[in-house]
Amino acid sequence: MDTKEETTAVLKQHDIGSKFSYLPVLPKASVLIPLFLRKGELHVLMTLRSKELRTNAGEVCFPGGKRDPNDIDDIDTALREAEEEIGLPPNQVEVVCRLFPIINKSGLLVTPVVGFIEESFCPRPNPAEVSAVFTVPLDFFTRGEDHSAYNNPGMTGLLHNFRFLDSNSGSQYNIWGLTAILAVVVAVLALRKKPEFDIGFNFEDPLSFFQHNIDKRISKL
């Protein structure tokens with residue numbers, strides 16, 4: 001198998017299916033984690049949110065947002081938001097899997113949707129929502145050189161932070177919080193590689209850790 005086929009097969013093993021169907025009704029959101037191959041290496045596309053937005057202004061994120069009443073499911077939400085934010089047509093995304101959801105700081109149940117896009121995709125960012133689009137080698141999220149982490153009161157697990165210098169634009173991006181942990185999870189699963197730093201969970205079985213976190217948060221609702 002080539003790299004894309006192998007990565008797809010590995011990630012599909014972690015698709016959540018109906019594992020979280022027992023959860024109570026919570027406000028939902030989804031993000032798209034767009035992977036692509038460049039010179040045989042996995043990369044991921046990320047965005048910098050506009051400073052004019054009311055929430056998470058100026059932060060690095062994956063394309064995504066809240067569930068719309070017309071959305072069929074989590075995948076529909078992620079694809080719709082990606083099209084609205086960066087002009088990515090849904091039919092140009094090869095959806096691979098849905099990973100375990102995480103409750104964010106606002107109480108939204110966020111489901112990551114992983115998909116492959118073509119390297120040739122040219123983003124058309126919506127300036128009302130996105131101020132920049134950039135790509136990062138997925139392996140970057142396993143390296144310790146530009147990584148830091150600390151315990152965050154009120155949260156279970158470590159809060160990760162990466163400083164990434166984009167050689168194309170010369171811009172430096174601070175990738176942290178939920179976006180950082182999602183990037184780490186996808187890197188660990190797709191590359192089957194233990195990071196150079198403590199990630200705060202078993203990299204061979206992340207589901208158990210995140211499911212425990214969700215159950216713990218819900219028990220306090």
# chains A, B, ... in the order shown; residues from 1 in each chain; ligands from 1

$ select_by_dssp --residues "stretch 133-207 of chain A" --states "helix (DSSP H, G or I)" --output "list in words"
Leu138, Asp139, Phe140, Phe141, Thr142, Gly177, Leu178, Thr179, Ala180, Ile181, Leu182, Ala183, Val184, Val185, Val186, Ala187, Val188, Leu189, Ala190, Leu191, Pro206 and Leu207 of chain A

$ write_last_selection --atoms "N, CA and C atoms" --output "CSV table (one decimal), in the first residue's frame"
chain,number,residue,atom,x,y,z
A,138,LEU,N,2.9,16.9,9.3
A,138,LEU,CA,2.2,16.2,10.5
A,138,LEU,C,3.2,15.7,11.5
A,139,ASP,N,4.4,15.4,11.0
A,139,ASP,CA,5.5,14.9,11.9
A,139,ASP,C,5.9,16.0,12.9
A,140,PHE,N,5.6,17.2,12.6
A,140,PHE,CA,6.0,18.4,13.5
A,140,PHE,C,5.3,18.2,14.9
A,141,PHE,N,4.1,17.6,14.9
A,141,PHE,CA,3.4,17.4,16.1
A,141,PHE,C,3.8,16.2,17.0
A,142,THR,N,5.0,15.7,16.6
A,142,THR,CA,5.6,14.6,17.4
A,142,THR,C,7.0,15.0,17.9
A,177,GLY,N,-3.9,24.4,22.8
A,177,GLY,CA,-5.3,24.0,23.3
A,177,GLY,C,-5.8,22.9,22.5
A,178,LEU,N,-7.1,23.0,22.2
A,178,LEU,CA,-7.8,21.9,21.5
A,178,LEU,C,-7.2,21.6,20.2
A,179,THR,N,-6.9,22.6,19.4
A,179,THR,CA,-6.3,22.4,18.1
A,179,THR,C,-5.0,21.6,18.2
A,180,ALA,N,-4.2,22.0,19.2
A,180,ALA,CA,-2.9,21.3,19.4
A,180,ALA,C,-3.1,19.8,19.7
A,181,ILE,N,-4.0,19.5,20.6
A,181,ILE,CA,-4.2,18.1,21.1
A,181,ILE,C,-4.8,17.3,19.9
A,182,LEU,N,-5.7,17.9,19.1
A,182,LEU,CA,-6.2,17.2,18.0
A,182,LEU,C,-5.1,16.9,16.9
A,183,ALA,N,-4.2,17.8,16.7
A,183,ALA,CA,-3.1,17.6,15.8
A,183,ALA,C,-2.2,16.5,16.3
A,184,VAL,N,-1.9,16.5,17.6
A,184,VAL,CA,-1.1,15.5,18.2
A,184,VAL,C,-1.7,14.1,18.1
A,185,VAL,N,-3.0,14.0,18.4
A,185,VAL,CA,-3.7,12.7,18.2
A,185,VAL,C,-3.7,12.2,16.8
A,186,VAL,N,-3.9,13.0,15.8
A,186,VAL,CA,-3.9,12.6,14.4
A,186,VAL,C,-2.5,12.2,14.0
A,187,ALA,N,-1.5,12.9,14.5
A,187,ALA,CA,-0.1,12.6,14.2
A,187,ALA,C,0.3,11.2,14.8
A,188,VAL,N,-0.1,11.0,16.0
A,188,VAL,CA,0.3,9.8,16.7
A,188,VAL,C,-0.4,8.6,16.0
A,189,LEU,N,-1.7,8.8,15.7
A,189,LEU,CA,-2.4,7.6,15.1
A,189,LEU,C,-2.0,7.4,13.7
A,190,ALA,N,-1.8,8.4,12.9
A,190,ALA,CA,-1.5,8.3,11.4
A,190,ALA,C,-0.1,7.8,11.2
A,191,LEU,N,0.8,8.4,12.0
A,191,LEU,CA,2.3,8.0,11.9
A,191,LEU,C,2.7,6.8,12.7
A,206,PRO,N,-5.6,6.0,22.7
A,206,PRO,CA,-6.1,7.3,23.2
A,206,PRO,C,-7.6,7.3,23.5
A,207,LEU,N,-8.4,6.5,22.9
A,207,LEU,CA,-9.8,6.5,23.1
A,207,LEU,C,-10.2,6.4,24.6

$ residues_around --residues "stretch 74-85 of chain A" --least-positions-apart "3" --cutoff "6 Å" --atoms "only C-alpha atoms" --output "list in words"
Ser30, Val31, Leu32, Pro63, Gly64, Arg67, Asp71, Leu88, Pro89, Pro90, Pro125 and Asn126 of chain A

$ atom_distance --atom1 "atom CA of A:Tyr22" --atom2 "atom CA of A:Gly157"
23.2 Å

$ select_by_dssp --residues "stretch 88-181 of chain A" --states "strand (DSSP E)" --output "CSV table (one decimal) with N, CA and C atoms, in the first residue's frame"
chain,number,residue,atom,x,y,z
A,94,GLU,N,-11.9,13.5,0.7
A,94,GLU,CA,-12.1,12.1,0.9
A,94,GLU,C,-12.2,11.8,2.4
A,95,VAL,N,-13.4,11.7,2.9
A,95,VAL,CA,-13.5,11.6,4.4
A,95,VAL,C,-13.0,10.2,4.8
A,96,VAL,N,-12.2,10.2,5.8
A,96,VAL,CA,-11.6,8.9,6.3
A,96,VAL,C,-12.3,8.4,7.5
A,97,CYS,N,-12.5,9.3,8.5
A,97,CYS,CA,-13.1,8.8,9.8
A,97,CYS,C,-13.5,10.0,10.7
A,98,ARG,N,-14.3,9.6,11.7
A,98,ARG,CA,-14.6,10.6,12.8
A,98,ARG,C,-13.9,10.0,14.0
A,102,ILE,N,-14.5,15.7,21.8
A,102,ILE,CA,-13.9,16.4,23.0
A,102,ILE,C,-14.8,17.5,23.4
A,103,ILE,N,-15.1,17.7,24.6
A,103,ILE,CA,-15.9,18.8,25.1
A,103,ILE,C,-14.9,20.0,25.3
A,109,LEU,N,-19.6,19.9,22.2
A,109,LEU,CA,-19.0,18.6,22.0
A,109,LEU,C,-18.5,18.6,20.5
A,110,VAL,N,-17.1,18.6,20.4
A,110,VAL,CA,-16.5,18.8,19.2
A,110,VAL,C,-16.0,17.5,18.6
A,111,THR,N,-16.5,17.2,17.4
A,111,THR,CA,-16.1,15.9,16.8
A,111,THR,C,-15.1,16.2,15.6
A,112,PRO,N,-13.9,15.6,15.7
A,112,PRO,CA,-12.9,15.8,14.6
A,112,PRO,C,-13.2,14.8,13.4
A,113,VAL,N,-13.2,15.4,12.2
A,113,VAL,CA,-13.5,14.6,11.0
A,113,VAL,C,-12.2,14.7,10.2
A,114,VAL,N,-11.6,13.5,10.0
A,114,VAL,CA,-10.3,13.5,9.2
A,114,VAL,C,-10.6,13.1,7.8
A,115,GLY,N,-10.0,13.9,6.9
A,115,GLY,CA,-10.2,13.6,5.5
A,115,GLY,C,-8.9,14.0,4.6
A,116,PHE,N,-8.8,13.4,3.5
A,116,PHE,CA,-7.7,13.7,2.6
A,116,PHE,C,-8.2,14.7,1.5
A,130,VAL,N,-11.5,34.0,8.4
A,130,VAL,CA,-10.1,33.4,8.3
A,130,VAL,C,-9.1,34.5,7.8
A,131,SER,N,-8.0,34.7,8.5
A,131,SER,CA,-7.1,35.7,8.1
A,131,SER,C,-5.8,35.0,7.4
A,132,ALA,N,-5.7,33.7,7.6
A,132,ALA,CA,-4.5,33.0,6.9
A,132,ALA,C,-4.8,31.5,6.9
A,133,VAL,N,-4.2,30.9,5.9
A,133,VAL,CA,-4.3,29.4,5.7
A,133,VAL,C,-2.8,29.0,5.5
A,134,PHE,N,-2.4,27.9,6.3
A,134,PHE,CA,-1.1,27.5,6.1
A,134,PHE,C,-1.0,26.0,6.3
A,135,THR,N,0.1,25.3,6.0
A,135,THR,CA,0.2,23.9,6.1
A,135,THR,C,1.4,23.5,7.0
A,136,VAL,N,1.3,22.4,7.7
A,136,VAL,CA,2.3,22.0,8.7
A,136,VAL,C,2.6,20.5,8.4
A,137,PRO,N,3.9,20.1,8.4
A,137,PRO,CA,4.2,18.6,8.3
A,137,PRO,C,3.6,18.0,9.5
A,147,HIS,N,7.9,22.5,21.2
A,147,HIS,CA,6.7,22.2,22.0
A,147,HIS,C,6.9,22.5,23.4
A,148,SER,N,5.8,22.9,24.1
A,148,SER,CA,5.8,23.1,25.5
A,148,SER,C,4.4,22.6,26.0
A,149,ALA,N,4.3,22.3,27.3
A,149,ALA,CA,3.0,21.8,27.8
A,149,ALA,C,3.0,22.1,29.3
A,150,TYR,N,1.7,22.3,29.8
A,150,TYR,CA,1.6,22.6,31.2
A,150,TYR,C,0.2,22.1,31.7
A,151,ASN,N,0.1,21.9,33.0
A,151,ASN,CA,-1.2,21.5,33.5
A,151,ASN,C,-2.1,22.7,33.6
A,158,LEU,N,-2.8,17.4,29.8
A,158,LEU,CA,-1.9,18.5,29.6
A,158,LEU,C,-2.4,19.5,28.5
A,159,LEU,N,-2.1,20.8,28.6
A,159,LEU,CA,-2.4,21.8,27.6
A,159,LEU,C,-1.1,21.9,26.8
A,160,HIS,N,-1.2,21.6,25.5
A,160,HIS,CA,0.0,21.6,24.6
A,160,HIS,C,0.0,22.9,23.8
A,161,ASN,N,1.3,23.3,23.5
A,161,ASN,CA,1.5,24.5,22.8
A,161,ASN,C,2.7,24.2,21.8
A,162,PHE,N,2.5,24.6,20.6
A,162,PHE,CA,3.6,24.5,19.5
A,162,PHE,C,3.8,25.9,18.9
A,163,ARG,N,5.1,26.2,18.6
A,163,ARG,CA,5.4,27.4,17.9
A,163,ARG,C,5.9,27.0,16.5
A,164,PHE,N,5.2,27.4,15.5
A,164,PHE,CA,5.5,26.9,14.1
A,164,PHE,C,5.9,28.1,13.2
A,165,LEU,N,7.0,28.0,12.6
A,165,LEU,CA,7.5,29.0,11.7
A,165,LEU,C,7.2,28.5,10.3
A,172,GLN,N,5.0,33.3,12.1
A,172,GLN,CA,5.1,32.3,13.2
A,172,GLN,C,3.7,32.1,13.8
A,173,TYR,N,3.3,30.9,14.0
A,173,TYR,CA,2.0,30.6,14.5
A,173,TYR,C,2.1,29.9,15.8
A,174,ASN,N,1.2,30.3,16.8
A,174,ASN,CA,1.1,29.6,18.1
A,174,ASN,C,-0.1,28.7,18.0
A,175,ILE,N,0.2,27.4,18.1
A,175,ILE,CA,-0.8,26.3,17.9
A,175,ILE,C,-1.0,25.7,19.3
A,176,TRP,N,-2.2,25.9,19.9
A,176,TRP,CA,-2.3,25.4,21.3
A,176,TRP,C,-3.7,24.9,21.6

$ atom_distance --atom1 "atom CA of A:Ser167" --atom2 "atom CA of A:Arg124"
20.0 Å

$ closest_residue --among "A:Asp166, A:Phe100, A:Lys28, A:Pro69" --to "A:Met46" --atoms "only C-alpha atoms"
A:Asp166

$ closest_residue --among "A:Gly170, A:Ser208, A:Gly144, A:Ser106" --to "A:Lys194" --atoms "only C-alpha atoms"
A:Gly144

$ atom_distance --atom1 "atom CA of A:Leu48" --atom2 "atom CA of A:Leu35"
16.9 Å

$ closest_residue --among "A:Ile214, A:Ile72, A:Leu45, A:Met1" --to "A:Glu118" --atoms "only C-alpha atoms"
A:Leu45

$ closest_residue --among "A:Arg49, A:Gln13, A:Ala29, A:Thr3" --to "A:Asp205" --atoms "only C-alpha atoms"
A:Gln13
